[in-house]
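**Q** Shown below is the structure under consideration.
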Amino acid sequence: MPTTDRSLEALMNEPSITRRILGDTLKFITKRKTTLSAVLILTSLLFIAAFGPLISPYGANTLNLSDRLQGPNSTHLLGTDNFGRDVLSRALSGTRVTLLLGLSISGFALILGLPIGMLCGFYDRFGMVVMRVVDAMMAFPAIILALALMSIFGKPGILNVIIAVGIVWAPRMVRVVYSSTLSLRENTYIEAARALGMPSFRILVRHIAINLLSPVIVQATFTFAFSIMEVAALNFLGVGIPPYIASWGGMMNEGRTYIIRAPWMILFPGVFLATAVLSFNLLGDALRDRLDPKLRRIM
Amino acid sequence: MLAFVIRRGLGMLISIMLVIAITFILMQLIPGDPAAVMLGSNATPEQIEQLRVSWGLDQPMLVQFYRYFVNFLHGDLGQSLFYQRPVLQIIGQRAETSTFLGIMALLVVVGVGIPAGVISSLKQNSLTDNALLLVALAGASIPSFWLGLMLMVVVAGNWHLLPSSGFTSVFHTGNLANLKNLILPALSLGFVNAALVARTARSSMLDVLRADYITTARAKGLAERVVIIKHALRNASIPIITVISFTFASLVSGAVVTENVFALPGVGSLIVQSVLKRDYPVIQGIMMVVAVLYVLINFATDLTYASLDPRIRYH
């Protein structure tokens with residue numbers, strides 16, 4: 001059959017799916033200068049997180065009391081703290097912790113938020129009850145709920161921070177998944193799947209979950225940005241991760257006593273934090289505009 | 001309108017009950033016996049048992065919740081373990097600082113955010129617009145406590161313009177000049193939210209400025225100022241009000257850290273101290289007061305919408 005031959009030929013000449021995805025991604029990244037710079041910054045942060053110990057000039061916890069409270073100079077590019085520890089090395093070491101926490105918290109919010117949001121959007125009665133609770137959870141300002149949870153857990157710790165901040169951001173993920181599911185289920189193809197006798201569970205997985213990918217990716221990016229900011233606030237208040245792990249928030253907390261004498265102790269960790277948050281926000285904005293411009297209304 | 005108020009009012013009551021239930025459940029998760037925590041390590045089992053009975057901790061969970069709820073309605077949020085005084089009284093003493101800080105920060109949010117957004121929209125794609133957008137974007141990513149610390153170094157430390165920390169009651173001393181202490185905290189707290197308001201105000205104004213009635217208003221010879229303020233800004237106000245009402249939660253969150261940075265005796269620094277001291281009744285009291293305030297503010301926002309835009313009442 002000639003038609004099949006022709007479409008086969010067309011298929012052969014078409015770039016492979018991996019190449020198409022690569023091409024699309026490249027176009028997305030380079031289209032806006034802001035996206036490009038966000039991606040470049042995030043790549044360097046990832047690089048620092050992976051190879052931090054290899055490129056950092058000193059150990060994150062190496063004490064050097066004779067060099068304490070030095071301003072930025074040629075041996076210590078970003079200065080030293082009250083124990084003579086190198087601020088740059090500590091900030092680099094904090095990158096890994098920050099990215100790991102951000103990733104775990106977004107993951108936690110996703111694992112909790114995706115199924116709950118989908119079920120709420122798909123089953124009206126279930127949704128009516130659960131969404132009330134979700135909304136009530138959102139009545140607690142983020143840091144207040146996180147502080148209360150940290151006090152319940154009793155002690156600082158990485159896992160405790162992940163759960164506390166994850167519980168704070170999960171309801172926001174539920175909201176996004178819920179409202180997207182509500183609009184998705186009105187589509188004709190869902191009706192068609194129902195008419196064909198497809199079980200609800202399969203509809204949820206095969207048709208709804210797949211189409212939720214865009215809003216969920218966008219929301220996860222924003223969750224990342226918010227959660228690393230919140231983790232920094234908890235560490236700054238001294239109730240986050242234990243102080244022996246270098247973190248940006250913890251470094252700023254340690255710098256408070258020396259704020260007039262050694263402002264670089266606070267300045268540079270803050271610059272790292274703000275840069276990371278800014279890049280994730282920029283990436284989130286760009287992803288939202290690219291994947292689903294309609295999301296602007298709900299996010 | 002009455003049906004709308006009743007419907008939303010009922011929803012608000014359900015939310016308040018849920019908020020109380022969530023707080024109750026969270027506090028059940030605290031490891032250990034509250035009575036033992038309260039009495040310390042020297043208490044005898046008999047003393048602990050006595051306190052358990054007097055607090056009703058020996059009752060079933062549902063009875064406990066009922067008591068808890070009724071106590072809340074009577075304004076009884078329990079006793080602080082550390083201060084040995086009613087929680088509501090302690091929160092009340094700290095409320096003044098936080099309220100002044102909140103109001104001043106809100107002034108920064110509205111006073112900086114809306115004009116910046118409007119100017120940006122009127123000069124779309126100009127240098128001013130791009131500069132303002134950039135500042136707004138950066139502003140939304142800067143942690144408020146870091147901004148506060150930096151302001152402290154520069155304005156208070158180097159220039160000696162404003163006090164860097166502390167606050168004494170205006171009501172007790174009758175001295176309005178004390179509010180000077182809140183200027184830096186309010187700036188650092190408000191700036192982040194002003195950035196969000198500016199972005200919303202800009203995009204909302206851009207939508208409205210394209211509308212036909214703006215062209216009509218200009219065509220009939222109205223002064224540009226009247227067109228912008230009376231015709232454009234008024235119609236662009238709903239999204240802006242939404243964002244401003246969201247800022248309550250974000251201001252509270254920010255205030256927790258900001259009060260700590262500037263050593264202000266507010267509710268935010270109280271909760272952090274209570275977390276460090278494990279004063280659970282105070283933590284729980286603050287959670288409830290703040291969340292109930294949030295629900296009430298949302299209710300007020302809904303009513304504001306409905307009076308600004310009659311279509312909303314029928315949704």
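Naming works like this for the structure tokens: A, B, ... for the chains as they're shown, residue 1 at the start of each chain, ligands 1 onward in shown order.
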Can you work out which residues from chain A touch chain B at a cut-off of 9 Å (counting only C-alpha atoms) and hand them back as a VMD selection string?
**A** chain A and resid 132 to 133 135 to 145 147 to 154 225 to 226 229 to 230 232 to 234 236 to 239 252 256 259 to 260 263 266 to 267 270 to 271 273 to 279 281 to 282
**Q** Write a file of the just-selected residues containing N, CA and C atoms, as a compact mmCIF listing (two decimals), in the first residue's frame.
**A**
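Below is the file out.txt, written as the result:
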# COMPACT_ATOMS: atom_id res chain seq x y z
N ARG A 132 -11.79 20.73 52.59
CA ARG A 132 -12.04 21.59 53.75
C ARG A 132 -10.85 21.52 54.72
N VAL A 133 -10.41 20.28 54.98
CA VAL A 133 -9.29 20.09 55.90
C VAL A 133 -8.02 20.72 55.31
N ASP A 135 -7.82 23.18 53.20
CA ASP A 135 -7.90 24.64 53.31
C ASP A 135 -7.61 25.10 54.74
N ALA A 136 -8.11 24.32 55.71
CA ALA A 136 -7.85 24.69 57.10
C ALA A 136 -6.36 24.59 57.42
N MET A 137 -5.68 23.59 56.84
CA MET A 137 -4.23 23.48 57.03
C MET A 137 -3.53 24.73 56.51
N MET A 138 -4.08 25.28 55.41
CA MET A 138 -3.43 26.44 54.80
C MET A 138 -3.71 27.72 55.58
N ALA A 139 -4.59 27.63 56.58
CA ALA A 139 -4.84 28.82 57.41
C ALA A 139 -3.67 29.08 58.35
N PHE A 140 -2.81 28.05 58.56
CA PHE A 140 -1.65 28.27 59.42
C PHE A 140 -0.51 28.82 58.56
N PRO A 141 -0.01 30.02 58.87
CA PRO A 141 1.10 30.55 58.11
C PRO A 141 2.27 29.55 58.12
N ALA A 142 2.96 29.48 56.98
CA ALA A 142 3.97 28.43 56.76
C ALA A 142 4.92 28.26 57.94
N ILE A 143 5.53 29.35 58.38
CA ILE A 143 6.60 29.19 59.37
C ILE A 143 6.03 28.79 60.72
N ILE A 144 4.80 29.24 61.03
CA ILE A 144 4.18 28.89 62.32
C ILE A 144 3.94 27.39 62.38
N LEU A 145 3.39 26.83 61.29
CA LEU A 145 3.12 25.39 61.27
C LEU A 145 4.44 24.61 61.33
N LEU A 147 7.25 25.56 62.64
CA LEU A 147 7.81 25.67 64.00
C LEU A 147 7.09 24.73 64.95
N ALA A 148 5.74 24.71 64.87
CA ALA A 148 4.97 23.84 65.76
C ALA A 148 5.36 22.38 65.52
N LEU A 149 5.48 22.00 64.25
CA LEU A 149 5.84 20.61 63.95
C LEU A 149 7.24 20.29 64.47
N MET A 150 8.18 21.23 64.30
CA MET A 150 9.53 20.98 64.79
C MET A 150 9.51 20.83 66.31
N SER A 151 8.64 21.59 67.00
CA SER A 151 8.60 21.47 68.46
C SER A 151 7.98 20.13 68.86
N ILE A 152 7.05 19.63 68.04
CA ILE A 152 6.46 18.32 68.34
C ILE A 152 7.50 17.21 68.13
N PHE A 153 8.27 17.34 67.05
CA PHE A 153 9.29 16.32 66.79
C PHE A 153 10.38 16.33 67.86
N GLY A 154 10.53 17.47 68.51
CA GLY A 154 11.39 17.51 69.69
C GLY A 154 12.83 17.88 69.46
N ALA A 225 11.60 26.44 45.59
CA ALA A 225 12.06 27.78 45.95
C ALA A 225 11.58 28.19 47.34
N PHE A 226 10.28 28.00 47.61
CA PHE A 226 9.74 28.39 48.90
C PHE A 226 10.35 27.58 50.03
N MET A 229 13.80 28.52 51.15
CA MET A 229 13.74 29.77 51.90
C MET A 229 13.28 29.48 53.33
N GLU A 230 12.28 28.60 53.46
CA GLU A 230 11.74 28.31 54.78
C GLU A 230 12.74 27.52 55.63
N ALA A 232 15.89 27.78 55.39
CA ALA A 232 16.88 28.76 55.83
C ALA A 232 16.36 29.53 57.04
N ALA A 233 15.06 29.88 57.02
CA ALA A 233 14.50 30.61 58.15
C ALA A 233 14.55 29.75 59.42
N LEU A 234 14.19 28.46 59.30
CA LEU A 234 14.23 27.57 60.46
C LEU A 234 15.66 27.46 61.00
N PHE A 236 18.01 29.61 60.59
CA PHE A 236 18.37 30.91 61.13
C PHE A 236 17.85 31.04 62.57
N LEU A 237 16.65 30.48 62.81
CA LEU A 237 16.07 30.57 64.16
C LEU A 237 16.65 29.51 65.09
N GLY A 238 17.49 28.63 64.55
CA GLY A 238 18.14 27.63 65.39
C GLY A 238 17.27 26.42 65.69
N VAL A 239 16.20 26.19 64.89
CA VAL A 239 15.36 25.02 65.14
C VAL A 239 15.27 24.13 63.91
N MET A 252 24.02 32.42 58.74
CA MET A 252 23.53 33.77 59.03
C MET A 252 23.23 33.91 60.51
N ARG A 256 25.12 36.66 63.47
CA ARG A 256 24.39 37.77 64.08
C ARG A 256 25.17 38.47 65.18
N ILE A 259 27.60 40.96 63.65
CA ILE A 259 27.03 41.62 62.47
C ILE A 259 27.75 42.91 62.10
N ILE A 260 28.18 43.69 63.09
CA ILE A 260 28.86 44.94 62.76
C ILE A 260 30.32 44.69 62.43
N PRO A 263 30.20 41.67 58.80
CA PRO A 263 28.93 41.52 58.07
C PRO A 263 28.99 40.48 56.94
N ILE A 266 27.14 37.22 57.14
CA ILE A 266 25.71 37.14 56.82
C ILE A 266 25.49 37.44 55.35
N LEU A 267 26.25 38.42 54.83
CA LEU A 267 26.04 38.87 53.45
C LEU A 267 26.11 37.71 52.46
N GLY A 270 23.52 34.79 52.42
CA GLY A 270 22.27 35.36 51.92
C GLY A 270 22.27 35.49 50.42
N VAL A 271 23.43 35.90 49.86
CA VAL A 271 23.52 36.02 48.41
C VAL A 271 23.33 34.65 47.75
N LEU A 273 21.68 32.10 48.97
CA LEU A 273 20.28 31.71 49.13
C LEU A 273 19.39 32.46 48.14
N ALA A 274 19.56 33.80 48.08
CA ALA A 274 18.70 34.59 47.21
C ALA A 274 18.89 34.18 45.75
N THR A 275 20.14 33.91 45.36
CA THR A 275 20.40 33.50 43.98
C THR A 275 19.69 32.19 43.66
N ALA A 276 19.79 31.23 44.58
CA ALA A 276 19.15 29.94 44.34
C ALA A 276 17.63 30.11 44.25
N VAL A 277 17.05 30.86 45.19
CA VAL A 277 15.60 31.05 45.18
C VAL A 277 15.17 31.75 43.90
N LEU A 278 15.92 32.80 43.53
CA LEU A 278 15.59 33.56 42.33
C LEU A 278 15.60 32.64 41.10
N SER A 279 16.63 31.78 40.98
CA SER A 279 16.72 30.91 39.80
C SER A 279 15.54 29.96 39.74
N ASN A 281 12.58 30.45 41.05
CA ASN A 281 11.39 31.22 40.70
C ASN A 281 11.34 31.52 39.21
N LEU A 282 12.50 31.92 38.65
CA LEU A 282 12.55 32.23 37.21
C LEU A 282 12.23 30.99 36.39
**Q** From the set B:Val37, B:Val243, B:Val267, B:Leu296, which residue has the shortest atom-to-atom contact distance to B:Thr97, counting only C-alpha atoms?
**A** B:Val267
**Q** State, in Å with one decimal place, the distance from atom CA of B:Gln89 to atom CA of B:Gly285.
**A**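 Between these atoms lies a distance of 10.5 Å.
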**Q** Determine which residues of stretch 27-172 of chain A receive a DSSP assignment of helix (DSSP H, G or I), computed from the backbone, and state them as a count of residues only.
**A** 108
**Q** Quick one: residues within 8 Å of A:Ile190, only C-alpha atoms counted, chain neighbours fewer than 4 positions away excluded, as a VMD selection string?
**A** chain A and resid 185 to 186 194 203 207
**Q** Only N, CA and C atoms, please: the residues just picked out, written as a PDB file, in the first residue's frame.
**A**
ATOM      1  N   ARG A 185     -11.174  16.683  34.172  1.00  0.00           N
ATOM      2  CA  ARG A 185     -12.189  15.629  34.088  1.00  0.00           C
ATOM      3  C   ARG A 185     -13.390  16.044  33.253  1.00  0.00           C
ATOM      4  N   GLU A 186     -13.482  17.339  32.911  1.00  0.00           N
ATOM      5  CA  GLU A 186     -14.572  17.790  32.054  1.00  0.00           C
ATOM      6  C   GLU A 186     -14.284  17.506  30.575  1.00  0.00           C
ATOM      7  N   ARG A 194     -14.959   6.797  29.895  1.00  0.00           N
ATOM      8  CA  ARG A 194     -16.025   6.281  30.772  1.00  0.00           C
ATOM      9  C   ARG A 194     -17.023   5.472  29.976  1.00  0.00           C
ATOM     10  N   ILE A 203      -8.723   5.392  34.507  1.00  0.00           N
ATOM     11  CA  ILE A 203      -8.878   6.750  33.963  1.00  0.00           C
ATOM     12  C   ILE A 203      -7.970   7.707  34.726  1.00  0.00           C
ATOM     13  N   HIS A 207      -5.236   8.799  32.131  1.00  0.00           N
ATOM     14  CA  HIS A 207      -5.629  10.047  31.480  1.00  0.00           C
ATOM     15  C   HIS A 207      -5.414  11.277  32.341  1.00  0.00           C
TER      16      HIS A 207
END
**Q** Of the candidates B:Thr242, B:Asn42, B:Ser164, B:Thr215, which one gets nearest to B:Val227 if we count only C-alpha atoms?
**A**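 For B:Val227, the nearest of the given residues is B:Thr215.
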**Q** Might you pull out every residue within 6 Å of stretch 101-118 of chain B, with only C-alpha atoms counted and same-chain residues fewer than 6 positions away left off, and present them as a list of chain:residue names?
**A**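 So, after excluding close chain neighbours, the residues are B:Ala186, B:Gly190, B:Asn193, B:Ala194, B:Val197, B:Ala198, B:Ala201, B:Arg202.
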**Q** What does the structure give for the distance between atom CA of A:Gly284 and atom CA of B:Thr301, in Å to one decimal?
**A**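 Separation of atom CA of A:Gly284 and atom CA of B:Thr301: 27.9 Å.
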**Q** By how many Å are atom CA of B:Pro239 and atom CA of B:Thr304 apart?
**A**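 So the answer is 12.1 Å.
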**Q** I need the residue nearest A:Ala286 from this list: A:Ser44, A:Ser179, A:Asn235, A:Thr221. Use only C-alpha atoms for the distance.
**A**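 Of A:Ser44, A:Ser179, A:Asn235, A:Thr221, the one nearest A:Ala286 is A:Thr221, counting only C-alpha atoms.
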**Q** Report as a ChimeraX atom specification all protein, DNA and RNA residues lying within 7 Å of B:Ala232, evaluated on only C-alpha atoms, omitting residues in the same chain fewer than 5 positions from it.
**A** /B:205,208-209,227
**Q** Kindly save the residues from that selection, with C-alpha atoms included, as an mmCIF file, in the first residue's frame.
**A**
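Result file is result_8.cif:
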data_model
loop_
_atom_site.group_PDB
_atom_site.id
_atom_site.type_symbol
_atom_site.label_atom_id
_atom_site.label_comp_id
_atom_site.auth_asym_id
_atom_site.auth_seq_id
_atom_site.Cartn_x
_atom_site.Cartn_y
_atom_site.Cartn_z
ATOM 1 C CA MET B 205 -3.395 47.126 35.026
ATOM 2 C CA VAL B 208 -7.485 46.744 32.012
ATOM 3 C CA LEU B 209 -5.644 49.463 30.080
ATOM 4 C CA VAL B 227 -8.602 57.763 33.623
#
**Q** Nearest residue to B:Ser204 out of B:Ser121, B:Ser245, B:Thr128, B:Asn175, using only C-alpha atoms?
**A** B:Ser121
**Q** Name the closest residue to A:Ile167 among the candidates A:Ser104, A:Asn64, A:Ser214, A:Ser183; distances are taken between atoms, counting only C-alpha atoms.
**A**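 For A:Ile167, the nearest of the given residues is A:Ser104.
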**Q** Pick the closest to A:Ile163 from A:Gly102, A:Pro199, A:Gly127, A:Gly84: which is it, counting only C-alpha atoms?
**A** A:Gly102
